[in-house]
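Only one structure is covered here, and it is reproduced in the block below.
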Amino acid sequence: MSWKELFRSRIPIQILSGGHVLTDKQIPVPITSASIIKGDNPGEVITEVPFADKKRWHIVNIEWEESSTRSAGKAAAGAIAGTVIAGPIGTIAGAAMGGKKKDTSKAFVYLVGEDNVEHTLHIRCDQKQYTQIASYIG
(Lines give C-alpha, C1' and ligand atoms only; values in the text may rest on other atoms or scores of the structure.)
Protein backbone atom coordinates (compact mmCIF):
# COMPACT_ATOMS: atom_id res chain seq x y z
CA MET A 1 0.00 0.00 0.00
CA SER A 2 1.40 3.39 -0.95
CA TRP A 3 1.60 6.36 1.42
CA LYS A 4 -0.96 8.14 -0.70
CA GLU A 5 -3.50 5.33 -0.22
CA LEU A 6 -2.75 5.11 3.48
CA PHE A 7 -3.78 8.71 4.12
CA ARG A 8 -6.88 8.90 1.92
CA SER A 9 -10.07 9.39 3.82
CA ARG A 10 -12.25 6.32 4.08
CA ILE A 11 -16.01 6.51 4.22
CA PRO A 12 -17.25 3.57 6.27
CA ILE A 13 -20.52 2.15 4.96
CA GLN A 14 -23.06 -0.32 6.31
CA ILE A 15 -24.31 -2.49 3.45
CA LEU A 16 -27.93 -3.62 3.30
CA SER A 17 -27.65 -5.49 -0.01
CA GLY A 18 -25.34 -5.90 -2.98
CA GLY A 19 -22.14 -6.30 -1.00
CA HIS A 20 -21.26 -9.59 -2.69
CA VAL A 21 -19.90 -7.71 -5.72
CA LEU A 22 -17.25 -5.91 -3.67
CA THR A 23 -14.86 -8.87 -3.55
CA ASP A 24 -13.86 -11.78 -5.71
CA LYS A 25 -13.26 -13.94 -2.63
CA GLN A 26 -15.83 -16.52 -1.64
CA ILE A 27 -17.08 -15.28 1.73
CA PRO A 28 -19.66 -17.55 3.42
CA VAL A 29 -21.51 -14.70 5.19
CA PRO A 30 -23.13 -11.60 3.69
CA ILE A 31 -20.84 -8.58 3.41
CA THR A 32 -22.34 -5.94 5.69
CA SER A 33 -19.55 -3.39 6.01
CA ALA A 34 -16.93 -1.83 3.79
CA SER A 35 -15.17 1.46 3.11
CA ILE A 36 -15.28 3.70 0.06
CA ILE A 37 -12.07 5.54 -0.81
CA LYS A 38 -11.64 8.24 -3.46
CA GLY A 39 -9.53 7.02 -6.39
CA ASP A 40 -6.86 8.87 -8.36
CA ASN A 41 -9.08 9.70 -11.34
CA PRO A 42 -12.37 11.63 -11.45
CA GLY A 43 -15.27 9.30 -10.70
CA GLU A 44 -12.99 6.51 -9.52
CA VAL A 45 -13.52 4.92 -6.10
CA ILE A 46 -11.93 1.98 -4.33
CA THR A 47 -13.98 -0.33 -2.15
CA GLU A 48 -12.29 -2.03 0.75
CA VAL A 49 -13.91 -5.01 2.48
CA PRO A 50 -12.46 -6.26 5.79
CA PHE A 51 -10.30 -9.39 5.29
CA ALA A 52 -10.76 -9.26 1.52
CA ASP A 53 -9.35 -7.49 -1.50
CA LYS A 54 -9.82 -3.95 -2.78
CA LYS A 55 -11.66 -3.25 -6.01
CA ARG A 56 -11.68 -0.20 -8.27
CA TRP A 57 -14.95 1.17 -9.58
CA HIS A 58 -16.36 4.09 -11.48
CA ILE A 59 -19.13 5.69 -9.42
CA VAL A 60 -22.04 6.60 -11.66
CA ASN A 61 -24.67 7.94 -9.25
CA ILE A 62 -26.02 7.92 -5.72
CA GLU A 63 -29.71 8.24 -4.79
CA TRP A 64 -30.46 9.18 -1.18
CA GLU A 65 -33.64 8.35 0.74
CA GLU A 66 -33.77 10.49 3.87
CA SER A 67 -35.78 9.09 6.79
CA SER A 68 -35.76 8.97 10.56
CA THR A 69 -37.69 7.42 13.43
CA ARG A 70 -38.58 8.62 16.89
CA SER A 71 -39.19 6.23 19.77
CA ALA A 72 -42.34 7.08 21.76
CA GLY A 73 -41.35 4.58 24.44
CA LYS A 74 -37.98 6.23 25.00
CA ALA A 75 -39.66 9.66 25.08
CA ALA A 76 -42.05 8.45 27.79
CA ALA A 77 -39.21 6.91 29.81
CA GLY A 78 -37.22 10.14 29.49
CA ALA A 79 -40.23 12.19 30.62
CA ILE A 80 -40.69 10.01 33.71
CA ALA A 81 -37.00 10.17 34.59
CA GLY A 82 -36.95 13.93 34.01
CA THR A 83 -39.99 14.43 36.27
CA VAL A 84 -38.40 12.43 39.07
CA ILE A 85 -35.12 14.34 38.83
CA ALA A 86 -36.22 17.90 38.07
CA GLY A 87 -39.99 18.19 38.33
CA PRO A 88 -42.24 19.61 35.58
CA ILE A 89 -39.41 21.25 33.64
CA GLY A 90 -37.52 17.95 33.76
CA THR A 91 -40.54 16.27 32.14
CA ILE A 92 -40.16 18.37 29.01
CA ALA A 93 -36.37 18.03 28.87
CA GLY A 94 -36.52 14.27 29.54
CA ALA A 95 -39.11 13.72 26.83
CA ALA A 96 -37.04 15.70 24.34
CA MET A 97 -33.87 13.78 25.14
CA GLY A 98 -35.54 10.36 25.21
CA GLY A 99 -37.47 10.92 21.99
CA LYS A 100 -34.48 12.04 19.95
CA LYS A 101 -34.67 11.16 16.24
CA LYS A 102 -32.68 8.23 14.92
CA ASP A 103 -31.42 8.60 11.35
CA THR A 104 -32.54 5.62 9.25
CA SER A 105 -31.67 7.13 5.85
CA LYS A 106 -30.52 4.84 3.05
CA ALA A 107 -28.93 5.25 -0.37
CA PHE A 108 -28.42 3.37 -3.61
CA VAL A 109 -24.86 3.67 -4.93
CA TYR A 110 -24.39 2.79 -8.60
CA LEU A 111 -20.93 1.47 -9.48
CA VAL A 112 -19.46 0.26 -12.78
CA GLY A 113 -16.74 -2.36 -12.49
CA GLU A 114 -13.76 -3.09 -14.71
CA ASP A 115 -16.05 -5.46 -16.66
CA ASN A 116 -18.26 -2.44 -17.60
CA VAL A 117 -21.22 -3.95 -15.73
CA GLU A 118 -23.23 -1.67 -13.43
CA HIS A 119 -23.82 -2.88 -9.87
CA THR A 120 -25.98 -1.37 -7.14
CA LEU A 121 -25.18 -1.16 -3.44
CA HIS A 122 -27.99 -0.45 -0.99
CA ILE A 123 -26.47 1.15 2.12
CA ARG A 124 -27.38 3.00 5.31
CA CYS A 125 -26.35 6.57 4.61
CA ASP A 126 -26.61 9.76 6.64
CA GLN A 127 -26.41 13.20 5.06
CA LYS A 128 -22.67 13.55 5.71
CA GLN A 129 -21.88 10.20 4.01
CA TYR A 130 -24.18 11.10 1.10
CA THR A 131 -22.38 14.41 0.56
CA GLN A 132 -18.95 12.75 0.72
CA ILE A 133 -19.86 9.92 -1.68
CA ALA A 134 -21.65 12.29 -4.08
CA SER A 135 -18.51 14.44 -4.27
CA TYR A 136 -16.65 11.44 -5.79
CA ILE A 137 -18.93 11.27 -8.85
CA GLY A 138 -16.89 12.32 -11.86
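Lettering and numbering for the C-alpha coordinates are positional, with chains as A, B, ... in the shown order, residues counted from 1 in each chain, and ligands counted from 1 in the shown order.
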A:Leu22: which residues within 9 Å, counting only C-alpha atoms, same-chain residues fewer than 6 positions away excluded, as a list in words?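 Near A:Leu22, the qualifying residues are Ile31, Ala34, Thr47, Glu48, Val49, Ala52, Asp53, Lys54 and Lys55 of chain A.
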Can I get the selection written as a PDB file, in the first residue's frame, with N, CA and C atoms?
ATOM      1  N   ILE A  31     -21.735  -9.707   3.145  1.00  0.00           N
ATOM      2  CA  ILE A  31     -20.840  -8.577   3.415  1.00  0.00           C
ATOM      3  C   ILE A  31     -21.717  -7.415   3.870  1.00  0.00           C
ATOM      4  N   ALA A  34     -18.038  -2.088   4.705  1.00  0.00           N
ATOM      5  CA  ALA A  34     -16.926  -1.828   3.788  1.00  0.00           C
ATOM      6  C   ALA A  34     -16.549  -0.363   3.930  1.00  0.00           C
ATOM      7  N   THR A  47     -13.246   0.255  -3.267  1.00  0.00           N
ATOM      8  CA  THR A  47     -13.979  -0.325  -2.148  1.00  0.00           C
ATOM      9  C   THR A  47     -13.052  -1.269  -1.411  1.00  0.00           C
ATOM     10  N   GLU A  48     -13.150  -1.224  -0.101  1.00  0.00           N
ATOM     11  CA  GLU A  48     -12.291  -2.030   0.752  1.00  0.00           C
ATOM     12  C   GLU A  48     -13.192  -2.809   1.714  1.00  0.00           C
ATOM     13  N   VAL A  49     -13.122  -4.127   1.625  1.00  0.00           N
ATOM     14  CA  VAL A  49     -13.905  -5.013   2.476  1.00  0.00           C
ATOM     15  C   VAL A  49     -12.954  -5.632   3.498  1.00  0.00           C
ATOM     16  N   ALA A  52     -10.604  -8.913   2.930  1.00  0.00           N
ATOM     17  CA  ALA A  52     -10.758  -9.257   1.518  1.00  0.00           C
ATOM     18  C   ALA A  52      -9.941  -8.272   0.689  1.00  0.00           C
ATOM     19  N   ASP A  53     -10.118  -8.336  -0.602  1.00  0.00           N
ATOM     20  CA  ASP A  53      -9.346  -7.494  -1.504  1.00  0.00           C
ATOM     21  C   ASP A  53     -10.031  -6.151  -1.753  1.00  0.00           C
ATOM     22  N   LYS A  54      -9.281  -5.245  -2.373  1.00  0.00           N
ATOM     23  CA  LYS A  54      -9.822  -3.954  -2.783  1.00  0.00           C
ATOM     24  C   LYS A  54     -10.224  -4.062  -4.249  1.00  0.00           C
ATOM     25  N   LYS A  55     -11.250  -3.304  -4.613  1.00  0.00           N
ATOM     26  CA  LYS A  55     -11.656  -3.255  -6.014  1.00  0.00           C
ATOM     27  C   LYS A  55     -11.835  -1.804  -6.434  1.00  0.00           C
TER      28      LYS A  55
END
Counting only C-alpha atoms, what is within 6 Å of A:Cys125, bar same-chain residues fewer than 4 positions away, as a ChimeraX atom specification? /A:105-107,129
Selection: 7 Å around A:His119, only C-alpha atoms, excl. self and same-chain fewer than 6 positions, as a ChimeraX atom specification: /A:110-112
Output file for the residues above (C-alpha atoms, as a CSV table (one decimal), in the first residue's frame):
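Writing the result to selection_39.csv gives the following:
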chain,number,residue,atom,x,y,z
A,110,TYR,CA,-24.4,2.8,-8.6
A,111,LEU,CA,-20.9,1.5,-9.5
A,112,VAL,CA,-19.5,0.3,-12.8
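Residue neighbourhood of A:Gln14, excluding near-sequence residues (fewer than 2 positions): Pro12, Leu16, Thr32, Ser33, Ala34, Ser35, His122, Ile123, Arg124 and Cys125 of chain A, at 9 Å, using only C-alpha atoms.
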I need the chosen residues saved as an mmCIF file, in the first residue's frame, with N, CA and C atoms.
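This went into out.cif:
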data_model
loop_
_atom_site.group_PDB
_atom_site.id
_atom_site.type_symbol
_atom_site.label_atom_id
_atom_site.label_comp_id
_atom_site.auth_asym_id
_atom_site.auth_seq_id
_atom_site.Cartn_x
_atom_site.Cartn_y
_atom_site.Cartn_z
ATOM 1 N N PRO A 12 -16.725 4.880 5.896
ATOM 2 C CA PRO A 12 -17.252 3.570 6.274
ATOM 3 C C PRO A 12 -18.731 3.475 5.893
ATOM 4 N N LEU A 16 -26.663 -2.916 3.125
ATOM 5 C CA LEU A 16 -27.926 -3.618 3.300
ATOM 6 C C LEU A 16 -28.074 -4.721 2.257
ATOM 7 N N THR A 32 -21.496 -6.982 5.115
ATOM 8 C CA THR A 32 -22.341 -5.936 5.686
ATOM 9 C C THR A 32 -21.596 -4.632 5.968
ATOM 10 N N SER A 33 -20.282 -4.637 5.810
ATOM 11 C CA SER A 33 -19.546 -3.393 6.013
ATOM 12 C C SER A 33 -18.377 -3.311 5.042
ATOM 13 N N ALA A 34 -18.038 -2.088 4.705
ATOM 14 C CA ALA A 34 -16.926 -1.828 3.788
ATOM 15 C C ALA A 34 -16.549 -0.363 3.930
ATOM 16 N N SER A 35 -15.566 0.052 3.172
ATOM 17 C CA SER A 35 -15.171 1.461 3.108
ATOM 18 C C SER A 35 -15.091 1.871 1.649
ATOM 19 N N HIS A 122 -26.993 -1.097 -1.831
ATOM 20 C CA HIS A 122 -27.990 -0.446 -0.991
ATOM 21 C C HIS A 122 -27.358 -0.317 0.383
ATOM 22 N N ILE A 123 -27.209 0.920 0.877
ATOM 23 C CA ILE A 123 -26.475 1.151 2.124
ATOM 24 C C ILE A 123 -27.258 2.048 3.076
ATOM 25 N N ARG A 124 -26.927 1.990 4.359
ATOM 26 C CA ARG A 124 -27.379 3.001 5.312
ATOM 27 C C ARG A 124 -26.513 4.221 5.033
ATOM 28 N N CYS A 125 -27.107 5.410 5.056
ATOM 29 C CA CYS A 125 -26.346 6.573 4.609
ATOM 30 C C CYS A 125 -26.918 7.845 5.220
#
As an exercise, work out the distance from atom CA of A:Val29 to atom CA of A:Arg10 in Å and give it to one decimal place.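 Answer for the atom CA of A:Val29 to atom CA of A:Arg10 separation: 23.0 Å.
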List the spatial neighbours of A:Arg56 as a PDB file with N, CA, C and O atoms, in the first residue's frame - criterion: any atom at most 8 Å away, only C-alpha atoms, same-chain residues fewer than 2 positions off excluded.
ATOM      1  N   GLY A  39     -10.618   7.471  -5.532  1.00  0.00           N
ATOM      2  CA  GLY A  39      -9.534   7.021  -6.392  1.00  0.00           C
ATOM      3  C   GLY A  39      -8.703   8.180  -6.922  1.00  0.00           C
ATOM      4  O   GLY A  39      -8.926   9.338  -6.584  1.00  0.00           O
ATOM      5  N   GLU A  44     -13.512   7.808  -9.933  1.00  0.00           N
ATOM      6  CA  GLU A  44     -12.992   6.507  -9.519  1.00  0.00           C
ATOM      7  C   GLU A  44     -13.053   6.383  -7.991  1.00  0.00           C
ATOM      8  O   GLU A  44     -12.699   7.312  -7.273  1.00  0.00           O
ATOM      9  N   VAL A  45     -13.539   5.223  -7.526  1.00  0.00           N
ATOM     10  CA  VAL A  45     -13.522   4.916  -6.102  1.00  0.00           C
ATOM     11  C   VAL A  45     -12.939   3.518  -5.908  1.00  0.00           C
ATOM     12  O   VAL A  45     -12.942   2.697  -6.821  1.00  0.00           O
ATOM     13  N   ILE A  46     -12.455   3.285  -4.711  1.00  0.00           N
ATOM     14  CA  ILE A  46     -11.926   1.982  -4.333  1.00  0.00           C
ATOM     15  C   ILE A  46     -12.785   1.488  -3.181  1.00  0.00           C
ATOM     16  O   ILE A  46     -13.045   2.237  -2.233  1.00  0.00           O
ATOM     17  N   THR A  47     -13.246   0.255  -3.267  1.00  0.00           N
ATOM     18  CA  THR A  47     -13.979  -0.325  -2.148  1.00  0.00           C
ATOM     19  C   THR A  47     -13.052  -1.269  -1.411  1.00  0.00           C
ATOM     20  O   THR A  47     -12.263  -1.985  -2.020  1.00  0.00           O
ATOM     21  N   LYS A  54      -9.281  -5.245  -2.373  1.00  0.00           N
ATOM     22  CA  LYS A  54      -9.822  -3.954  -2.783  1.00  0.00           C
ATOM     23  C   LYS A  54     -10.224  -4.062  -4.249  1.00  0.00           C
ATOM     24  O   LYS A  54      -9.621  -4.812  -5.004  1.00  0.00           O
ATOM     25  N   HIS A  58     -15.977   2.760 -11.039  1.00  0.00           N
ATOM     26  CA  HIS A  58     -16.355   4.094 -11.482  1.00  0.00           C
ATOM     27  C   HIS A  58     -17.726   4.347 -10.865  1.00  0.00           C
ATOM     28  O   HIS A  58     -18.660   3.576 -11.094  1.00  0.00           O
ATOM     29  N   GLY A 113     -17.995  -1.655 -12.707  1.00  0.00           N
ATOM     30  CA  GLY A 113     -16.739  -2.358 -12.495  1.00  0.00           C
ATOM     31  C   GLY A 113     -15.861  -2.358 -13.723  1.00  0.00           C
ATOM     32  O   GLY A 113     -16.219  -1.812 -14.777  1.00  0.00           O
ATOM     33  N   GLU A 114     -14.701  -3.006 -13.588  1.00  0.00           N
ATOM     34  CA  GLU A 114     -13.761  -3.093 -14.708  1.00  0.00           C
ATOM     35  C   GLU A 114     -14.350  -3.882 -15.871  1.00  0.00           C
ATOM     36  O   GLU A 114     -13.893  -3.758 -17.005  1.00  0.00           O
TER      37      GLU A 114
END
At a cut-off of 10 Å, using only C-alpha atoms, what residues contact A:Phe51? Leave out same-chain residues fewer than 6 positions from it and give the result as a PDB file with C-alpha atoms, in the first residue's frame.
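See result_38.pdb below for the written result:
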ATOM      1  CA  THR A  23     -14.863  -8.866  -3.554  1.00  0.00           C
ATOM      2  CA  LYS A  25     -13.263 -13.943  -2.627  1.00  0.00           C
ATOM      3  CA  ILE A  27     -17.079 -15.277   1.729  1.00  0.00           C
TER       4      ILE A  27
END
A:Ser135: which residues within 12 Å, counting only C-alpha atoms, same-chain residues fewer than 4 positions away excluded, as a list in words? Ile11, Ile37, Lys38, Gly39, Pro42, Gly43, Glu44, Val45, Ile59, Val60, Asn61, Ile62, Lys128, Gln129, Tyr130 and Thr131 of chain A
Grab the atom CA of A:Glu65 to atom CA of A:Leu121 distance for me, in Å with one decimal place.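 That distance, rounded to one decimal, is 13.4 Å.
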